[in-house]
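See below for the structure under consideration.
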Amino acid sequence: MSVGASVVLRVDDLATLITRLSELGYEVKGPVVRAGAIVSGALSGVGDLPKGVHDEQGPGEYRIAHGDDDHLFDWAVGPSGWKPEFFPPHDELWRARVGDGHVELVEIPDEPRPLAVVGARPCEAAALGVLDRVFIDGAHRDTRYVERRENAFVAVVECSSPAATCFCDSMSSGPNIEVGFDLALTELDDDDGHRFLARVGSVRALAALEGVAFVLASAVDFSARDAVLEGARRRMVRHLDVDGLAGVLARNLEHPRWAEVAERCLSCGNCTLVCPTCFCSDVRDATDLDGDVVRQRTWSSCFSVDHSYLHGGAVRPTTQSRYRQWMTHKLSSWWDQFDTTGCVGCGRCVAWCPVGIDLTEEAAAIVRFDGVTSVTRPSVRSHL
Amino acid sequence: MRSIDELVAAHPFAAGLNDEHLALVAGCAHNVSLDTDTMLCVEGASADMFYLLRRGHVSIEVHQAGRGPIVIETVGPGDAVGWSWLVPPYRWTFDARAIQPVGALAIDGACLRAKSLEDTTLGFALLSRVTQELLERLQATRVRLLDLYGEPRG
Amino acid sequence: MASATEFSVPRSALTPALYRVVARGRETADVVTLWLESLDGERLSFRSGQFNMLSALGVGEVAVSVSGSPSDPGPLRHTVRDVGAVTHALCSCDVGDVIGVRGPFGTDWGVTGNATPHDTVVVAGGIGLAPLRGAVEELAAAQREGAGRVFVLVGAREPDQMVFLDDLAEWEKAGVVVLITVDRPAPGWSGRVGLVTTLLANAGFDARHCRVLICGPEIMMRFTARALNELGVDLASIWVSLERNMQCGLGWCGHCQLGPLLLCRDGPVVNYLEASALMNERER
């Protein structure tokens with residue numbers, strides 16, 4: 001067998017794969033149910049996976065429901081993607097002991113066990129690709145991110161049940177996945193039984209499949225996969241027309257819609273926390289009890305006033321300017337900066353917005369009235 | 001030696017004036033050389049002249065007892081000094097002092113006002129130019145009011 | 001005194017090299033120049049207009065342009081204005097103190113190794129002369145070798161807030177046209193009083209064939225560019241140095257975004273054709 005091959009795994013085989021990954025030294029993580037949501041957690045076997053669990057999502061809404069089926073991946077996305085595993089919310093970079101004219105500075109090592117993700121969604125794999133553009137493909141490589149990323153094993157499970165908030169089809173980041181995985185699984189359940197079509201994307205996956213019982217996939221399995229994906233696409237109710245969108249947003253910075261959305265936006269930053277591509281961070285010093293200096297990197301959000309602080313004040317003091325920054329960055333200036341979209345259509349920002357602001361609706365509203373500007377600028381209204 | 005007509009025509013203030021208007025302005029102008037510290041304008045005095053600077057710098061000042069002159073701005077070649085000749089009661093509101101040897105065209109304001117009343121197209125042309133000069137100076141003053149360099153930048 | 005630096009390999013781009021302050025000079029009441037030498041003897045190679053991230057250990061890190069010239073073999077030179085916690089700590093450094101340095105980062109003035117037969121006009125407001133100082137040194141040297149003329153126009157709030165007075169005198173001696181003006185004169189000031197834009201018209205440069213490098217507060221740069229344009233300078237011949245909240249210098253932290261630009265990567269020096277629209281967009 002070689003990279004590019006496709007096999008069929010039964011649920012028991014999936015269990016063997018998880019064990020095998022663990023034996024290979026990976027810390028195996030996947031979707032688990034905790035606190036009423038599907039989140040990432042340690043996997044010791046298929047029993048930890050959310051069997052029969054489904055999610056219902058809408059603007060400002062997320063809940064899970066338990067069905068009597070035995071499907072493991074019949075849900076869309078939970079609140080936490082896989083970003084924190086590669087780009088930790090809080091990281092300590094180096095430590096310095098400062099004496100009188102004497103400084104000892106030591107990097108704080110970042111040596112987690114290699115991670116195996118079983119059950120990332122195609123949009124989440126696409127999001128990691130977006131982060132790669134930021135942290136790997138630029139002039140400077142973030143060695144901490146690179147190491148976590150290069151050591152990781154990513155098994156993606158294609159989507160059968162998109163939520164009402166999903167629009168990955170519009171962003172070409174789902175429900176299927178064609179590149180950017182070690183193993184791509186599709187959960188199938190038809191006359192041929194409950195099984196997974198598994199496509200091998202890397203040499204690492206070949207190693208992981210050693211000792212796992214499987215049969216080579218047939219045309220029947222691929223037809224079944226097509227049906228699953230077709231069904232997923234048909235059920236996807238949310239869409240974003242990205243054709244020309246970056247340009248429309250870039251030329252509509254004074255559109256009255258920004259003021260309207262700012263009326264509702266709480267500037268809470270939830271969308272940036274759940275977003276799988278948001279990468280902003282603060283770089284700060286702390287002093288610990290020993291008097292050592294610790295340089296820290298912590299996630300930050302463009303919805304905080306501090307984010308744009310420039311000696312004397314913030315460049316974006318209003319909610320309106322901060323929402324505009326976030327949305328135009330995702331859908332427009334990300335292209336200028338990293339030659340890719342900053343949105344993968346996972347819909348988390350829609351579901352986890354406490355007031356249910358819908359990115360796709362906001363973008364469409366601006367497209368609908370392309371060129372309209374406020375007669376007078378309303379942005380002086382402060383939401384501090 | 002260039003004629004007064006040529007000197008007026010060469011000054012940026014007169015750029016775009018037609019020959020007829022140039023001749024009218026030149027008819028009210030004479031070429032002057034002023035020593036350092038010569039007062040071109042004195043606060044409260046009759047504003048019967050204005051100056052088109054050709055060389056040297058002039059400071060626009062206000063005098064305060066015990067502090068001497070406070071310089072508000074300096075102007076130089078290509079600039080015009082004085083617009084109080086255009087607006088009643090035709091009195092200077094600031095001092096203007098040559099801070100270097102200055103070469104200028106001194107223009108009789110009363111003479112120009114009379115000609116402008118006769119030929120309103122000349123009046124409009126002059127008013128446009130004075131307004132242009134005023135606008136530039138006002139804008140520069142506004143920016144200075146912001147005290148930009150006082151704002152942190154580092 | 002013993003000093004130790006230990007690094008895991010490869011050194012992260014977020015880990016600074018340690019430098020010792022070998023000299024310190026006060027430029028104005030709140031501006032200090034630091035001369036820095038690497039503890040491990042490394043020499044930083046940079047181009048005029050680029051910046052470094054300077055760490056006051058325990059206080060934080062801040063982006064500061066290099067104020068030295070790339071051709072100067074001496075210590076690394078930074079001129080810092082005391083405007084916040086980190087810059088205050090840096091300005092308070094004594095000779096012998098150790099700080100962190102990461103860099104160089106960002107775009108440059110395009111002057112280093114790029115002589116032109118045309119005039120170069122340098123317009124600076126206040127501390128804005130610091131990021132331009134190295135460029136002027138290079139331009140003045142190039143002018144001596146037959147390259148285009150150099151004009152340095154500087155505006156400051158008050159005479160005693162004018163930085164690099166000695167340098168300005170040196171440059172003038174070397175044949176650079178140096179014009180300075182202040183917003184508020186002090187007793188004894190016999191020079192120009194007015195906005196830096198008032199220096200432009202009579203400076204004597206060839207507006208049709210020149211390049212202009214501007215650094216100062218954004219408003220000052222906008223007005224200067226507008227005045228230059230009225231004099232016939234093509235906007236594409238104007239470069240400005242822009243500033244946003246730079247926290248990493250690497251394009252990773254997202255704070256220094258200005259629309260399509262990450263200013264630590266695509267700036268600080270930006271051509272005015274691109275910068276003008278961005279500078280006019282409110283709260284961008």
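Just so we're on the same page: first chain in the structure tokens is A, next is B, and so on; residues restart at 1 for each chain, and ligands are numbered from 1 in the order they show up.
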Sel. of alpha helix (DSSP H) residues, region 26-153 of chain B, as a PyMOL selection string: chain B and resi 26+109-118+120-145
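Proximity to Phe124 (chain B) at 12 Å, evaluated using only C-alpha atoms and with sequence-adjacent residues fewer than 5 positions away removed, yields Leu17, His21, Leu86, Leu112, Arg113, Lys115, Ser116, Leu117, Glu118, Asp119, Arg129, Val130 and Thr131 of chain B.
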Selection: 9 Å around Met39 (chain B), only C-alpha atoms, excl. self and same-chain fewer than 4 positions, as a ChimeraX atom specification: /B:34,95-98
Contacts of region 279-294 of chain A at 8 Å (only C-alpha atoms; same-chain gap of 6+ positions) as a list in words: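 Residues near the query, excluding close chain neighbours: Glu92, Leu93, Trp94, Arg95, Ala96, Arg97, Val98, Leu131, Ser300, Ser301 and Cys302 of chain A; Leu57, Gly58, Val59, Gly60, Glu61, Gln247, Cys248, Trp252, Cys253, Gly254 and His255 of chain C.
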Would you save the residues of that selection, restricted to N, CA, C and O atoms, as a JSON list (two decimals), in the first residue's frame?
[["chain", "number", "residue", "atom", "x", "y", "z"],
["A", 92, "GLU", "N", 4.89, 30.67, 27.20],
["A", 92, "GLU", "CA", 6.03, 31.38, 27.81],
["A", 92, "GLU", "C", 7.24, 31.10, 26.95],
["A", 92, "GLU", "O", 7.59, 29.94, 26.69],
["A", 93, "LEU", "N", 7.86, 32.15, 26.45],
["A", 93, "LEU", "CA", 8.87, 32.02, 25.39],
["A", 93, "LEU", "C", 10.29, 31.91, 25.93],
["A", 93, "LEU", "O", 11.06, 31.07, 25.50],
["A", 94, "TRP", "N", 10.62, 32.78, 26.85],
["A", 94, "TRP", "CA", 11.96, 32.74, 27.42],
["A", 94, "TRP", "C", 11.95, 33.36, 28.80],
["A", 94, "TRP", "O", 11.00, 34.03, 29.18],
["A", 95, "ARG", "N", 13.03, 33.09, 29.49],
["A", 95, "ARG", "CA", 13.16, 33.54, 30.87],
["A", 95, "ARG", "C", 14.52, 34.22, 30.99],
["A", 95, "ARG", "O", 15.50, 33.76, 30.43],
["A", 96, "ALA", "N", 14.55, 35.32, 31.69],
["A", 96, "ALA", "CA", 15.83, 36.02, 31.86],
["A", 96, "ALA", "C", 16.02, 36.37, 33.33],
["A", 96, "ALA", "O", 15.09, 36.79, 34.01],
["A", 97, "ARG", "N", 17.23, 36.13, 33.79],
["A", 97, "ARG", "CA", 17.58, 36.56, 35.14],
["A", 97, "ARG", "C", 18.48, 37.78, 34.98],
["A", 97, "ARG", "O", 19.52, 37.73, 34.33],
["A", 98, "VAL", "N", 18.01, 38.88, 35.53],
["A", 98, "VAL", "CA", 18.71, 40.14, 35.33],
["A", 98, "VAL", "C", 19.44, 40.51, 36.60],
["A", 98, "VAL", "O", 18.83, 40.72, 37.65],
["A", 131, "LEU", "N", -3.30, 29.08, 9.05],
["A", 131, "LEU", "CA", -2.31, 29.46, 10.08],
["A", 131, "LEU", "C", -0.89, 29.19, 9.58],
["A", 131, "LEU", "O", 0.03, 29.94, 9.90],
["A", 300, "SER", "N", -4.72, 37.51, 21.61],
["A", 300, "SER", "CA", -5.42, 38.77, 21.82],
["A", 300, "SER", "C", -6.47, 38.92, 20.73],
["A", 300, "SER", "O", -6.49, 38.16, 19.77],
["A", 301, "SER", "N", -7.33, 39.88, 20.93],
["A", 301, "SER", "CA", -8.45, 40.05, 20.01],
["A", 301, "SER", "C", -8.52, 41.48, 19.49],
["A", 301, "SER", "O", -8.34, 42.43, 20.26],
["A", 302, "CYS", "N", -8.81, 41.60, 18.19],
["A", 302, "CYS", "CA", -8.93, 42.94, 17.61],
["A", 302, "CYS", "C", -10.19, 43.65, 18.11],
["A", 302, "CYS", "O", -10.42, 44.81, 17.77],
["C", 57, "LEU", "N", 14.22, 44.56, 29.72],
["C", 57, "LEU", "CA", 13.88, 43.27, 30.32],
["C", 57, "LEU", "C", 13.01, 43.46, 31.55],
["C", 57, "LEU", "O", 13.39, 44.17, 32.49],
["C", 58, "GLY", "N", 11.85, 42.83, 31.53],
["C", 58, "GLY", "CA", 10.92, 42.94, 32.64],
["C", 58, "GLY", "C", 9.87, 44.01, 32.44],
["C", 58, "GLY", "O", 8.88, 44.04, 33.16],
["C", 59, "VAL", "N", 10.09, 44.87, 31.48],
["C", 59, "VAL", "CA", 9.10, 45.92, 31.23],
["C", 59, "VAL", "C", 8.37, 45.61, 29.93],
["C", 59, "VAL", "O", 7.14, 45.66, 29.86],
["C", 60, "GLY", "N", 9.13, 45.25, 28.92],
["C", 60, "GLY", "CA", 8.50, 44.89, 27.65],
["C", 60, "GLY", "C", 9.35, 45.27, 26.47],
["C", 60, "GLY", "O", 10.53, 45.63, 26.61],
["C", 61, "GLU", "N", 8.72, 45.19, 25.32],
["C", 61, "GLU", "CA", 9.44, 45.34, 24.07],
["C", 61, "GLU", "C", 8.77, 46.42, 23.23],
["C", 61, "GLU", "O", 7.55, 46.56, 23.27],
["C", 247, "GLN", "N", 4.21, 44.55, 17.85],
["C", 247, "GLN", "CA", 4.58, 43.79, 19.04],
["C", 247, "GLN", "C", 5.52, 42.64, 18.74],
["C", 247, "GLN", "O", 6.11, 42.08, 19.66],
["C", 248, "CYS", "N", 5.62, 42.22, 17.48],
["C", 248, "CYS", "CA", 6.49, 41.08, 17.21],
["C", 248, "CYS", "C", 7.52, 41.36, 16.11],
["C", 248, "CYS", "O", 8.58, 40.77, 16.10],
["C", 252, "TRP", "N", 3.36, 38.22, 12.85],
["C", 252, "TRP", "CA", 2.61, 37.18, 13.54],
["C", 252, "TRP", "C", 1.57, 37.70, 14.52],
["C", 252, "TRP", "O", 0.62, 36.98, 14.84],
["C", 253, "CYS", "N", 1.77, 38.88, 15.06],
["C", 253, "CYS", "CA", 0.93, 39.26, 16.20],
["C", 253, "CYS", "C", -0.32, 40.02, 15.78],
["C", 253, "CYS", "O", -1.27, 40.14, 16.55],
["C", 254, "GLY", "N", -0.35, 40.55, 14.55],
["C", 254, "GLY", "CA", -1.56, 41.14, 14.01],
["C", 254, "GLY", "C", -1.86, 42.56, 14.46],
["C", 254, "GLY", "O", -2.80, 43.18, 13.98],
["C", 255, "HIS", "N", -1.07, 43.09, 15.38],
["C", 255, "HIS", "CA", -1.40, 44.41, 15.94],
["C", 255, "HIS", "C", -1.12, 45.57, 14.98],
["C", 255, "HIS", "O", -1.74, 46.61, 15.11]]
Can you check which residues of chain B have any atom within 9 Å of chain C? Use only C-alpha atoms and format it as a PDB file with N, CA and C atoms, in the first residue's frame.
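Ended up saving to part03.pdb:
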ATOM      1  N   HIS B  57      13.665  86.997   4.499  1.00  0.00           N
ATOM      2  CA  HIS B  57      12.532  86.547   5.311  1.00  0.00           C
ATOM      3  C   HIS B  57      12.000  87.643   6.226  1.00  0.00           C
ATOM      4  N   SER B  59       9.411  88.255   9.671  1.00  0.00           N
ATOM      5  CA  SER B  59       8.686  87.582  10.748  1.00  0.00           C
ATOM      6  C   SER B  59       7.407  88.339  11.063  1.00  0.00           C
ATOM      7  N   ILE B  70       6.996  88.550  20.017  1.00  0.00           N
ATOM      8  CA  ILE B  70       6.742  87.109  19.962  1.00  0.00           C
ATOM      9  C   ILE B  70       6.491  86.758  18.493  1.00  0.00           C
ATOM     10  N   VAL B  71       7.340  85.890  17.958  1.00  0.00           N
ATOM     11  CA  VAL B  71       7.223  85.553  16.541  1.00  0.00           C
ATOM     12  C   VAL B  71       6.133  84.498  16.357  1.00  0.00           C
ATOM     13  N   ILE B  72       5.193  84.800  15.474  1.00  0.00           N
ATOM     14  CA  ILE B  72       4.109  83.854  15.195  1.00  0.00           C
ATOM     15  C   ILE B  72       4.497  82.958  14.036  1.00  0.00           C
ATOM     16  N   GLU B  73       5.065  83.566  13.003  1.00  0.00           N
ATOM     17  CA  GLU B  73       5.576  82.768  11.902  1.00  0.00           C
ATOM     18  C   GLU B  73       6.523  83.609  11.074  1.00  0.00           C
ATOM     19  N   THR B  74       7.299  82.935  10.268  1.00  0.00           N
ATOM     20  CA  THR B  74       8.156  83.657   9.333  1.00  0.00           C
ATOM     21  C   THR B  74       7.688  83.338   7.926  1.00  0.00           C
ATOM     22  N   VAL B  75       7.803  84.345   7.063  1.00  0.00           N
ATOM     23  CA  VAL B  75       7.439  84.131   5.662  1.00  0.00           C
ATOM     24  C   VAL B  75       8.624  84.543   4.801  1.00  0.00           C
ATOM     25  N   GLY B  76       8.642  84.055   3.574  1.00  0.00           N
ATOM     26  CA  GLY B  76       9.824  84.295   2.746  1.00  0.00           C
ATOM     27  C   GLY B  76       9.492  84.510   1.288  1.00  0.00           C
ATOM     28  N   PRO B  77      10.503  84.413   0.423  1.00  0.00           N
ATOM     29  CA  PRO B  77      10.339  84.680  -1.005  1.00  0.00           C
ATOM     30  C   PRO B  77       9.140  83.933  -1.582  1.00  0.00           C
ATOM     31  N   GLY B  78       8.343  84.641  -2.354  1.00  0.00           N
ATOM     32  CA  GLY B  78       7.161  84.022  -2.950  1.00  0.00           C
ATOM     33  C   GLY B  78       5.905  84.255  -2.145  1.00  0.00           C
ATOM     34  N   ILE B  99      13.733  90.138   8.950  1.00  0.00           N
ATOM     35  CA  ILE B  99      14.760  89.528   9.812  1.00  0.00           C
ATOM     36  C   ILE B  99      16.053  89.309   9.033  1.00  0.00           C
ATOM     37  N   ALA B 140      -1.839  75.965   7.655  1.00  0.00           N
ATOM     38  CA  ALA B 140      -0.577  75.719   8.365  1.00  0.00           C
ATOM     39  C   ALA B 140      -0.739  76.061   9.838  1.00  0.00           C
ATOM     40  N   THR B 141      -1.481  77.143  10.105  1.00  0.00           N
ATOM     41  CA  THR B 141      -1.692  77.553  11.495  1.00  0.00           C
ATOM     42  C   THR B 141      -2.515  76.518  12.252  1.00  0.00           C
ATOM     43  N   VAL B 143      -2.664  73.345  11.629  1.00  0.00           N
ATOM     44  CA  VAL B 143      -1.836  72.165  11.900  1.00  0.00           C
ATOM     45  C   VAL B 143      -0.902  72.451  13.071  1.00  0.00           C
ATOM     46  N   ARG B 144      -0.371  73.675  13.113  1.00  0.00           N
ATOM     47  CA  ARG B 144       0.514  74.001  14.236  1.00  0.00           C
ATOM     48  C   ARG B 144      -0.249  74.015  15.556  1.00  0.00           C
ATOM     49  N   LEU B 145      -1.523  74.431  15.484  1.00  0.00           N
ATOM     50  CA  LEU B 145      -2.345  74.425  16.701  1.00  0.00           C
ATOM     51  C   LEU B 145      -2.472  73.028  17.293  1.00  0.00           C
ATOM     52  N   ASP B 147      -0.252  71.002  17.701  1.00  0.00           N
ATOM     53  CA  ASP B 147       0.931  70.702  18.505  1.00  0.00           C
ATOM     54  C   ASP B 147       1.364  69.246  18.279  1.00  0.00           C
ATOM     55  N   LEU B 148       1.537  68.912  16.989  1.00  0.00           N
ATOM     56  CA  LEU B 148       1.780  67.523  16.601  1.00  0.00           C
ATOM     57  C   LEU B 148       3.002  66.902  17.246  1.00  0.00           C
ATOM     58  N   TYR B 149       4.047  67.680  17.325  1.00  0.00           N
ATOM     59  CA  TYR B 149       5.292  67.085  17.831  1.00  0.00           C
ATOM     60  C   TYR B 149       5.227  66.881  19.334  1.00  0.00           C
ATOM     61  N   GLY B 150       4.226  67.544  19.953  1.00  0.00           N
ATOM     62  CA  GLY B 150       4.011  67.311  21.373  1.00  0.00           C
ATOM     63  C   GLY B 150       3.407  65.929  21.582  1.00  0.00           C
ATOM     64  N   GLU B 151       2.732  65.439  20.509  1.00  0.00           N
ATOM     65  CA  GLU B 151       2.127  64.105  20.573  1.00  0.00           C
ATOM     66  C   GLU B 151       3.239  63.069  20.540  1.00  0.00           C
ATOM     67  N   PRO B 152       3.140  62.071  21.375  1.00  0.00           N
ATOM     68  CA  PRO B 152       4.236  61.115  21.430  1.00  0.00           C
ATOM     69  C   PRO B 152       4.497  60.449  20.085  1.00  0.00           C
ATOM     70  N   ARG B 153       5.715  60.250  19.775  1.00  0.00           N
ATOM     71  CA  ARG B 153       6.114  59.443  18.636  1.00  0.00           C
ATOM     72  C   ARG B 153       7.492  58.918  18.946  1.00  0.00           C
ATOM     73  N   GLY B 154       7.665  57.621  18.977  1.00  0.00           N
ATOM     74  CA  GLY B 154       8.979  57.141  19.307  1.00  0.00           C
ATOM     75  C   GLY B 154       9.219  55.774  18.772  1.00  0.00           C
TER      76      GLY B 154
END
Surrounding residues of Val157 (chain A) excluding itself and chain neighbours under 6 positions, 10 Å, only C-alpha atoms, as a ChimeraX atom specification: /A:72-73,118-122,125,175-177,181,183-187,196-198
Keeping only C-alpha atoms, write the selected residues as a tab-separated table (two decimals), in the first residue's frame.
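Writing done, so here's part-v7.tsv:
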chain	number	residue	atom	x	y	z
A	72	LEU	CA	-19.56	8.91	15.72
A	73	PHE	CA	-19.25	12.01	13.58
A	118	VAL	CA	-8.58	11.91	15.18
A	119	GLY	CA	-11.69	13.65	13.96
A	120	ALA	CA	-10.70	17.11	12.80
A	121	ARG	CA	-13.17	18.51	10.29
A	122	PRO	CA	-12.15	19.55	6.77
A	125	ALA	CA	-7.67	21.26	8.50
A	175	PRO	CA	-17.54	19.23	3.48
A	176	ASN	CA	-14.92	17.15	1.65
A	177	ILE	CA	-11.16	17.31	1.94
A	181	PHE	CA	-4.29	15.46	5.90
A	183	LEU	CA	-5.68	10.30	6.90
A	184	ALA	CA	-9.06	11.38	5.54
A	185	LEU	CA	-12.05	9.44	6.82
A	186	THR	CA	-15.64	9.43	5.65
A	187	GLU	CA	-18.18	7.82	7.91
A	196	PHE	CA	-15.13	4.42	7.29
A	197	LEU	CA	-13.62	5.10	3.92
A	198	ALA	CA	-10.03	6.05	4.73
Computed interatomic separation between CA of Leu213 (chain C) and CA of Leu228 (chain C) (Å): 11.3 Å
9 Å contacts from chain A to chain B using only C-alpha atoms, as a ChimeraX atom specification: /A:310-312
DSSP strand (DSSP E) residues within region 104-306 of chain A, as a count of residues only: 47
Please list as a PDB file with C-alpha atoms, in the first residue's frame every residue within 12 Å of Ser22 (chain A), counting only C-alpha atoms and excluding residues in the same chain fewer than 6 positions away.
ATOM      1  CA  ALA A  15     -10.278   1.642  17.788  1.00  0.00           C
ATOM      2  CA  THR A  16      -7.126  -0.230  16.794  1.00  0.00           C
ATOM      3  CA  VAL A  28      -4.225  11.104  20.789  1.00  0.00           C
ATOM      4  CA  LYS A  29      -6.963  13.694  20.937  1.00  0.00           C
ATOM      5  CA  ALA A  42      -7.993  12.892  25.126  1.00  0.00           C
ATOM      6  CA  LEU A  43      -9.029   9.749  23.255  1.00  0.00           C
ATOM      7  CA  SER A  44      -8.282   6.373  24.703  1.00  0.00           C
ATOM      8  CA  GLY A  45     -10.632   4.593  22.331  1.00  0.00           C
ATOM      9  CA  ARG A 113       4.297  14.955  22.926  1.00  0.00           C
ATOM     10  CA  PRO A 114       3.518  14.749  19.229  1.00  0.00           C
ATOM     11  CA  LEU A 115      -0.209  15.162  18.793  1.00  0.00           C
ATOM     12  CA  ALA A 116      -2.525  12.888  16.842  1.00  0.00           C
ATOM     13  CA  VAL A 117      -5.896  14.409  16.072  1.00  0.00           C
ATOM     14  CA  VAL A 118      -8.583  11.913  15.185  1.00  0.00           C
ATOM     15  CA  PHE A 153      -0.781  13.460  12.843  1.00  0.00           C
ATOM     16  CA  ALA A 208      -0.224   4.195  11.666  1.00  0.00           C
TER      17      ALA A 208
END
Glu20 (chain B) surroundings by only C-alpha atoms, 10 Å radius, close-in-sequence under 5 positions cut, as number ranges by chain: B: 25-26, 122
Residues just named, written with N, CA and C atoms as a short mmCIF file (atom, residue, chain, number, x, y, z; two decimals), in the first residue's frame:
data_model
loop_
_atom_site.label_atom_id
_atom_site.label_comp_id
_atom_site.auth_asym_id
_atom_site.auth_seq_id
_atom_site.Cartn_x
_atom_site.Cartn_y
_atom_site.Cartn_z
N VAL B 25 -1.80 96.15 -11.59
CA VAL B 25 -1.11 95.90 -10.32
C VAL B 25 0.25 96.59 -10.33
N ALA B 26 0.97 96.44 -11.44
CA ALA B 26 2.31 97.04 -11.53
C ALA B 26 2.22 98.56 -11.38
N LEU B 122 -10.65 92.52 -11.89
CA LEU B 122 -9.36 92.62 -11.20
C LEU B 122 -9.57 92.35 -9.71
#
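Separating CA of Gly269 (chain A) from CA of Val248 (chain A) is a distance of 24.4 Å.
Coordinates place CA of Ala29 (chain B) at a distance of 15.8 Å from CA of Val102 (chain B).
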